[in-house]
file start20.txt (compact mmCIF, N, CA and C atoms)
# COMPACT_ATOMS: atom_id res chain seq x y z
N ALA A 1 0.85 -1.17 0.00
CA ALA A 1 0.00 0.00 0.00
C ALA A 1 0.89 1.22 0.00
N ILE A 2 0.55 2.19 -0.79
CA ILE A 2 1.29 3.44 -0.84
C ILE A 2 0.38 4.51 -0.24
N VAL A 3 0.89 5.19 0.77
CA VAL A 3 0.10 6.19 1.49
C VAL A 3 0.78 7.54 1.33
N GLY A 4 0.07 8.48 0.73
CA GLY A 4 0.63 9.82 0.51
C GLY A 4 0.73 10.62 1.79
N SER A 5 -0.13 10.36 2.70
CA SER A 5 -0.07 10.91 4.05
C SER A 5 -0.96 10.01 4.88
N GLY A 6 -0.80 10.04 6.15
CA GLY A 6 -1.59 9.09 6.90
C GLY A 6 -1.87 9.52 8.32
N SER A 7 -2.99 9.11 8.80
CA SER A 7 -3.38 9.30 10.18
C SER A 7 -4.35 8.17 10.49
N PRO A 8 -4.20 7.50 11.62
CA PRO A 8 -5.13 6.42 11.94
C PRO A 8 -6.56 6.90 12.13
N VAL A 9 -6.73 8.17 12.45
CA VAL A 9 -8.07 8.75 12.56
C VAL A 9 -8.04 10.13 11.91
N ASN A 10 -9.20 10.60 11.51
CA ASN A 10 -9.30 11.93 10.96
C ASN A 10 -9.21 12.92 12.12
N PRO A 11 -8.19 13.77 12.17
CA PRO A 11 -8.01 14.66 13.33
C PRO A 11 -9.07 15.75 13.45
N TRP A 12 -9.86 15.98 12.39
CA TRP A 12 -10.85 17.04 12.43
C TRP A 12 -12.26 16.53 12.68
N ARG A 13 -12.45 15.20 12.64
CA ARG A 13 -13.79 14.64 12.85
C ARG A 13 -13.69 13.47 13.80
N ASP A 14 -14.40 13.56 14.89
CA ASP A 14 -14.39 12.50 15.89
C ASP A 14 -15.57 11.56 15.63
N GLU A 15 -15.45 10.77 14.55
CA GLU A 15 -16.53 9.86 14.19
C GLU A 15 -15.96 8.46 14.00
N PRO A 16 -16.63 7.43 14.54
CA PRO A 16 -16.11 6.06 14.45
C PRO A 16 -15.83 5.61 13.02
N GLU A 17 -16.64 6.04 12.04
CA GLU A 17 -16.42 5.58 10.68
C GLU A 17 -15.17 6.19 10.04
N MET A 18 -14.60 7.19 10.68
CA MET A 18 -13.37 7.80 10.17
C MET A 18 -12.12 7.10 10.69
N ASP A 19 -12.28 6.16 11.58
CA ASP A 19 -11.16 5.44 12.19
C ASP A 19 -10.76 4.27 11.29
N VAL A 20 -9.56 4.33 10.73
CA VAL A 20 -9.10 3.28 9.81
C VAL A 20 -8.36 2.15 10.52
N ARG A 21 -8.16 2.27 11.82
CA ARG A 21 -7.39 1.24 12.53
C ARG A 21 -7.95 -0.17 12.36
N PRO A 22 -9.28 -0.40 12.37
CA PRO A 22 -9.79 -1.76 12.19
C PRO A 22 -9.43 -2.37 10.83
N LEU A 23 -9.22 -1.54 9.83
CA LEU A 23 -8.86 -2.06 8.51
C LEU A 23 -7.49 -2.74 8.51
N ARG A 24 -6.64 -2.35 9.44
CA ARG A 24 -5.27 -2.89 9.49
C ARG A 24 -5.23 -4.32 9.98
N GLU A 25 -6.27 -4.77 10.66
CA GLU A 25 -6.25 -6.11 11.26
C GLU A 25 -6.00 -7.21 10.23
N ASN A 26 -6.49 -7.05 9.02
CA ASN A 26 -6.32 -8.06 7.98
C ASN A 26 -5.31 -7.66 6.92
N ALA A 27 -4.48 -6.68 7.20
CA ALA A 27 -3.58 -6.16 6.18
C ALA A 27 -2.11 -6.18 6.60
N GLN A 28 -1.77 -6.98 7.60
CA GLN A 28 -0.40 -6.96 8.10
C GLN A 28 0.60 -7.54 7.10
N HIS A 29 0.12 -8.32 6.15
CA HIS A 29 1.01 -8.91 5.15
C HIS A 29 1.36 -7.93 4.03
N ILE A 30 0.73 -6.76 4.01
CA ILE A 30 0.95 -5.78 2.95
C ILE A 30 2.06 -4.81 3.37
N PRO A 31 3.10 -4.62 2.55
CA PRO A 31 4.10 -3.61 2.87
C PRO A 31 3.54 -2.20 2.61
N TYR A 32 3.98 -1.25 3.41
CA TYR A 32 3.48 0.12 3.32
C TYR A 32 4.62 1.09 3.03
N LEU A 33 4.33 2.04 2.17
CA LEU A 33 5.20 3.19 1.94
C LEU A 33 4.36 4.41 2.31
N VAL A 34 4.80 5.12 3.34
CA VAL A 34 4.10 6.33 3.78
C VAL A 34 4.98 7.51 3.44
N MET A 35 4.42 8.47 2.69
CA MET A 35 5.19 9.64 2.24
C MET A 35 4.47 10.91 2.70
N HIS A 36 5.28 11.91 3.07
CA HIS A 36 4.65 13.16 3.54
C HIS A 36 5.67 14.29 3.48
N GLY A 37 5.19 15.48 3.11
CA GLY A 37 6.02 16.68 3.11
C GLY A 37 6.15 17.26 4.51
N THR A 38 7.36 17.66 4.85
CA THR A 38 7.60 18.18 6.21
C THR A 38 6.92 19.53 6.46
N GLU A 39 6.60 20.25 5.40
CA GLU A 39 5.98 21.57 5.56
C GLU A 39 4.51 21.57 5.15
N ASP A 40 3.89 20.42 5.16
CA ASP A 40 2.47 20.31 4.80
C ASP A 40 1.63 21.06 5.83
N ARG A 41 0.84 22.05 5.37
CA ARG A 41 -0.02 22.82 6.28
C ARG A 41 -1.46 22.31 6.25
N ALA A 42 -1.78 21.40 5.33
CA ALA A 42 -3.14 20.85 5.27
C ALA A 42 -3.29 19.63 6.17
N VAL A 43 -2.28 18.78 6.19
CA VAL A 43 -2.26 17.58 7.04
C VAL A 43 -0.93 17.60 7.79
N ASP A 44 -0.99 17.66 9.08
CA ASP A 44 0.21 17.77 9.91
C ASP A 44 1.18 16.63 9.63
N PHE A 45 2.44 16.98 9.43
CA PHE A 45 3.50 16.00 9.18
C PHE A 45 3.56 14.95 10.29
N GLU A 46 3.34 15.37 11.52
CA GLU A 46 3.42 14.45 12.66
C GLU A 46 2.36 13.34 12.58
N PHE A 47 1.20 13.61 11.98
CA PHE A 47 0.17 12.57 11.83
C PHE A 47 0.71 11.42 10.99
N ALA A 48 1.35 11.76 9.87
CA ALA A 48 1.89 10.72 8.99
C ALA A 48 3.02 9.96 9.67
N LYS A 49 3.88 10.69 10.35
CA LYS A 49 5.01 10.07 11.05
C LYS A 49 4.51 9.11 12.13
N GLU A 50 3.53 9.55 12.92
CA GLU A 50 2.97 8.70 13.98
C GLU A 50 2.26 7.49 13.39
N PHE A 51 1.57 7.67 12.27
CA PHE A 51 0.89 6.56 11.60
C PHE A 51 1.92 5.49 11.20
N ALA A 52 3.01 5.91 10.58
CA ALA A 52 4.06 4.96 10.18
C ALA A 52 4.68 4.28 11.40
N GLU A 53 4.90 5.03 12.45
CA GLU A 53 5.47 4.46 13.68
C GLU A 53 4.52 3.44 14.30
N GLN A 54 3.22 3.73 14.28
CA GLN A 54 2.24 2.78 14.82
C GLN A 54 2.22 1.50 14.00
N LEU A 55 2.26 1.62 12.68
CA LEU A 55 2.30 0.44 11.83
C LEU A 55 3.53 -0.41 12.15
N ALA A 56 4.68 0.23 12.25
CA ALA A 56 5.92 -0.49 12.55
C ALA A 56 5.84 -1.17 13.91
N ALA A 57 5.29 -0.48 14.90
CA ALA A 57 5.17 -1.05 16.24
C ALA A 57 4.26 -2.27 16.27
N GLU A 58 3.31 -2.31 15.32
CA GLU A 58 2.39 -3.44 15.24
C GLU A 58 2.91 -4.56 14.33
N GLY A 59 4.16 -4.42 13.87
CA GLY A 59 4.78 -5.48 13.08
C GLY A 59 4.62 -5.37 11.58
N PHE A 60 4.12 -4.24 11.10
CA PHE A 60 3.98 -4.04 9.67
C PHE A 60 5.33 -3.73 9.04
N ASP A 61 5.48 -4.11 7.79
CA ASP A 61 6.65 -3.74 6.99
C ASP A 61 6.35 -2.35 6.43
N VAL A 62 6.93 -1.33 7.03
CA VAL A 62 6.61 0.04 6.64
C VAL A 62 7.88 0.85 6.42
N GLU A 63 7.85 1.64 5.37
CA GLU A 63 8.93 2.58 5.08
C GLU A 63 8.32 3.98 5.10
N PHE A 64 8.96 4.90 5.81
CA PHE A 64 8.48 6.27 5.89
C PHE A 64 9.42 7.16 5.13
N GLN A 65 8.88 7.95 4.21
CA GLN A 65 9.68 8.86 3.41
C GLN A 65 9.21 10.29 3.64
N ALA A 66 10.07 11.08 4.28
CA ALA A 66 9.76 12.50 4.48
C ALA A 66 10.34 13.29 3.31
N PHE A 67 9.56 14.22 2.79
CA PHE A 67 10.03 15.10 1.74
C PHE A 67 10.31 16.46 2.37
N GLU A 68 11.58 16.70 2.64
CA GLU A 68 12.02 17.89 3.35
C GLU A 68 11.62 19.16 2.59
N GLY A 69 10.92 20.05 3.30
CA GLY A 69 10.52 21.34 2.74
C GLY A 69 9.27 21.29 1.87
N ALA A 70 8.74 20.11 1.60
CA ALA A 70 7.57 19.99 0.73
C ALA A 70 6.29 20.24 1.50
N GLY A 71 5.32 20.78 0.80
CA GLY A 71 4.02 21.04 1.38
C GLY A 71 3.03 19.95 1.02
N HIS A 72 1.80 20.34 0.83
CA HIS A 72 0.72 19.40 0.53
C HIS A 72 0.53 19.29 -0.98
N GLY A 73 0.92 18.16 -1.54
CA GLY A 73 0.70 17.91 -2.96
C GLY A 73 1.76 18.46 -3.88
N ASN A 74 2.82 19.01 -3.37
CA ASN A 74 3.86 19.54 -4.26
C ASN A 74 5.15 18.71 -4.16
N ILE A 75 4.98 17.40 -4.13
CA ILE A 75 6.12 16.50 -4.11
C ILE A 75 6.13 15.69 -5.40
N ASP A 76 7.30 15.20 -5.74
CA ASP A 76 7.42 14.30 -6.89
C ASP A 76 7.94 12.97 -6.36
N PRO A 77 7.03 12.08 -5.99
CA PRO A 77 7.44 10.82 -5.34
C PRO A 77 7.81 9.70 -6.31
N LYS A 78 7.83 10.00 -7.61
CA LYS A 78 8.02 8.95 -8.63
C LYS A 78 9.22 8.06 -8.34
N ASP A 79 10.40 8.64 -8.12
CA ASP A 79 11.60 7.84 -7.90
C ASP A 79 11.51 7.01 -6.63
N VAL A 80 10.94 7.59 -5.57
CA VAL A 80 10.78 6.87 -4.31
C VAL A 80 9.84 5.68 -4.51
N ILE A 81 8.74 5.91 -5.21
CA ILE A 81 7.77 4.83 -5.46
C ILE A 81 8.38 3.73 -6.32
N ILE A 82 9.11 4.11 -7.35
CA ILE A 82 9.73 3.10 -8.22
C ILE A 82 10.70 2.23 -7.44
N GLU A 83 11.55 2.84 -6.62
CA GLU A 83 12.52 2.06 -5.83
C GLU A 83 11.80 1.17 -4.82
N TRP A 84 10.75 1.70 -4.21
CA TRP A 84 9.98 0.90 -3.24
C TRP A 84 9.32 -0.28 -3.93
N MET A 85 8.77 -0.05 -5.12
CA MET A 85 8.11 -1.13 -5.85
C MET A 85 9.12 -2.20 -6.32
N LYS A 86 10.33 -1.79 -6.63
CA LYS A 86 11.37 -2.76 -6.99
C LYS A 86 11.66 -3.70 -5.81
N LYS A 87 11.63 -3.15 -4.60
CA LYS A 87 11.88 -3.95 -3.41
C LYS A 87 10.70 -4.87 -3.07
N HIS A 88 9.49 -4.39 -3.35
CA HIS A 88 8.30 -5.11 -2.89
C HIS A 88 7.45 -5.67 -4.02
N GLY A 89 7.86 -5.44 -5.25
CA GLY A 89 7.06 -5.84 -6.40
C GLY A 89 7.08 -7.30 -6.64

call {"tool": "encode", "arguments": {"input": "start20.txt", "output": "structure tokens"}}
result
Amino acid sequence: AIVGSGSPVNPWRDEPEMDVRPLRENAQHIPYLVMHGTEDRAVDFEFAKEFAEQLAAEGFDVEFQAFEGAGHGNIDPKDVIIEWMKKHG
């Protein structure tokens, strides 16, 4: 799974249907690539970082890629995705 940014819950809405944690129960065999810009003002960088850390703590194969200085949607992840897919393809 490739995640452009991530948070186990939507930080702006406290609703049970926004909680993606139950979806992970059957997905531990899937490798994850979580990518996020360090200067993202739409989705806090720490949400993505904590999401990746939680996945790793639960035994998931996860790689976290921070894009230094990048904001929301202004990254070019092509090379990162290609290299990740070579490892996990």

call {"tool": "atom_distance", "arguments": {"input": "start20.txt", "atom1": "atom CA of A:Asp40", "atom2": "atom N of A:Val80"}}
result
18.5 Å

call {"tool": "residues_around", "arguments": {"input": "start20.txt", "residues": "A:Asp61", "least_positions_apart": "2", "cutoff": "10 Å", "atoms": "only C-alpha atoms", "output": "PyMOL selection string"}}
result
chain A and resi 28-33+52+55-59+63

call {"tool": "residues_near_point", "arguments": {"input": "start20.txt", "point": "(9.9, 17.4, 2.9)", "cutoff": "6.5 Å", "atoms": "only N, CA and C atoms", "output": "PyMOL selection string"}}
result
chain A and resi 36-39+66-71

call {"tool": "write_last_selection", "arguments": {"input": "start20.txt", "atoms": "N, CA and C atoms", "output": "PDB file, keeping the file's coordinate frame"}}
result
ATOM      1  N   HIS A  36       5.280  11.910   3.070  1.00  0.00           N
ATOM      2  CA  HIS A  36       4.650  13.160   3.540  1.00  0.00           C
ATOM      3  C   HIS A  36       5.670  14.290   3.480  1.00  0.00           C
ATOM      4  N   GLY A  37       5.190  15.480   3.110  1.00  0.00           N
ATOM      5  CA  GLY A  37       6.020  16.680   3.110  1.00  0.00           C
ATOM      6  C   GLY A  37       6.150  17.260   4.510  1.00  0.00           C
ATOM      7  N   THR A  38       7.360  17.660   4.850  1.00  0.00           N
ATOM      8  CA  THR A  38       7.600  18.180   6.210  1.00  0.00           C
ATOM      9  C   THR A  38       6.920  19.530   6.460  1.00  0.00           C
ATOM     10  N   GLU A  39       6.600  20.250   5.400  1.00  0.00           N
ATOM     11  CA  GLU A  39       5.980  21.570   5.560  1.00  0.00           C
ATOM     12  C   GLU A  39       4.510  21.570   5.150  1.00  0.00           C
ATOM     13  N   ALA A  66      10.070  11.080   4.280  1.00  0.00           N
ATOM     14  CA  ALA A  66       9.760  12.500   4.480  1.00  0.00           C
ATOM     15  C   ALA A  66      10.340  13.290   3.310  1.00  0.00           C
ATOM     16  N   PHE A  67       9.560  14.220   2.790  1.00  0.00           N
ATOM     17  CA  PHE A  67      10.030  15.100   1.740  1.00  0.00           C
ATOM     18  C   PHE A  67      10.310  16.460   2.370  1.00  0.00           C
ATOM     19  N   GLU A  68      11.580  16.700   2.640  1.00  0.00           N
ATOM     20  CA  GLU A  68      12.020  17.890   3.350  1.00  0.00           C
ATOM     21  C   GLU A  68      11.620  19.160   2.590  1.00  0.00           C
ATOM     22  N   GLY A  69      10.920  20.050   3.300  1.00  0.00           N
ATOM     23  CA  GLY A  69      10.520  21.340   2.740  1.00  0.00           C
ATOM     24  C   GLY A  69       9.270  21.290   1.870  1.00  0.00           C
ATOM     25  N   ALA A  70       8.740  20.110   1.600  1.00  0.00           N
ATOM     26  CA  ALA A  70       7.570  19.990   0.730  1.00  0.00           C
ATOM     27  C   ALA A  70       6.290  20.240   1.500  1.00  0.00           C
ATOM     28  N   GLY A  71       5.320  20.780   0.800  1.00  0.00           N
ATOM     29  CA  GLY A  71       4.020  21.040   1.380  1.00  0.00           C
ATOM     30  C   GLY A  71       3.030  19.950   1.020  1.00  0.00           C
TER      31      GLY A  71
END

call {"tool": "atom_distance", "arguments": {"input": "start20.txt", "atom1": "atom CA of A:Phe60", "atom2": "atom CA of A:His88"}}
result
13.3 Å

call {"tool": "atom_distance", "arguments": {"input": "start20.txt", "atom1": "atom C of A:Glu25", "atom2": "atom C of A:Asp79"}}
result
28.2 Å
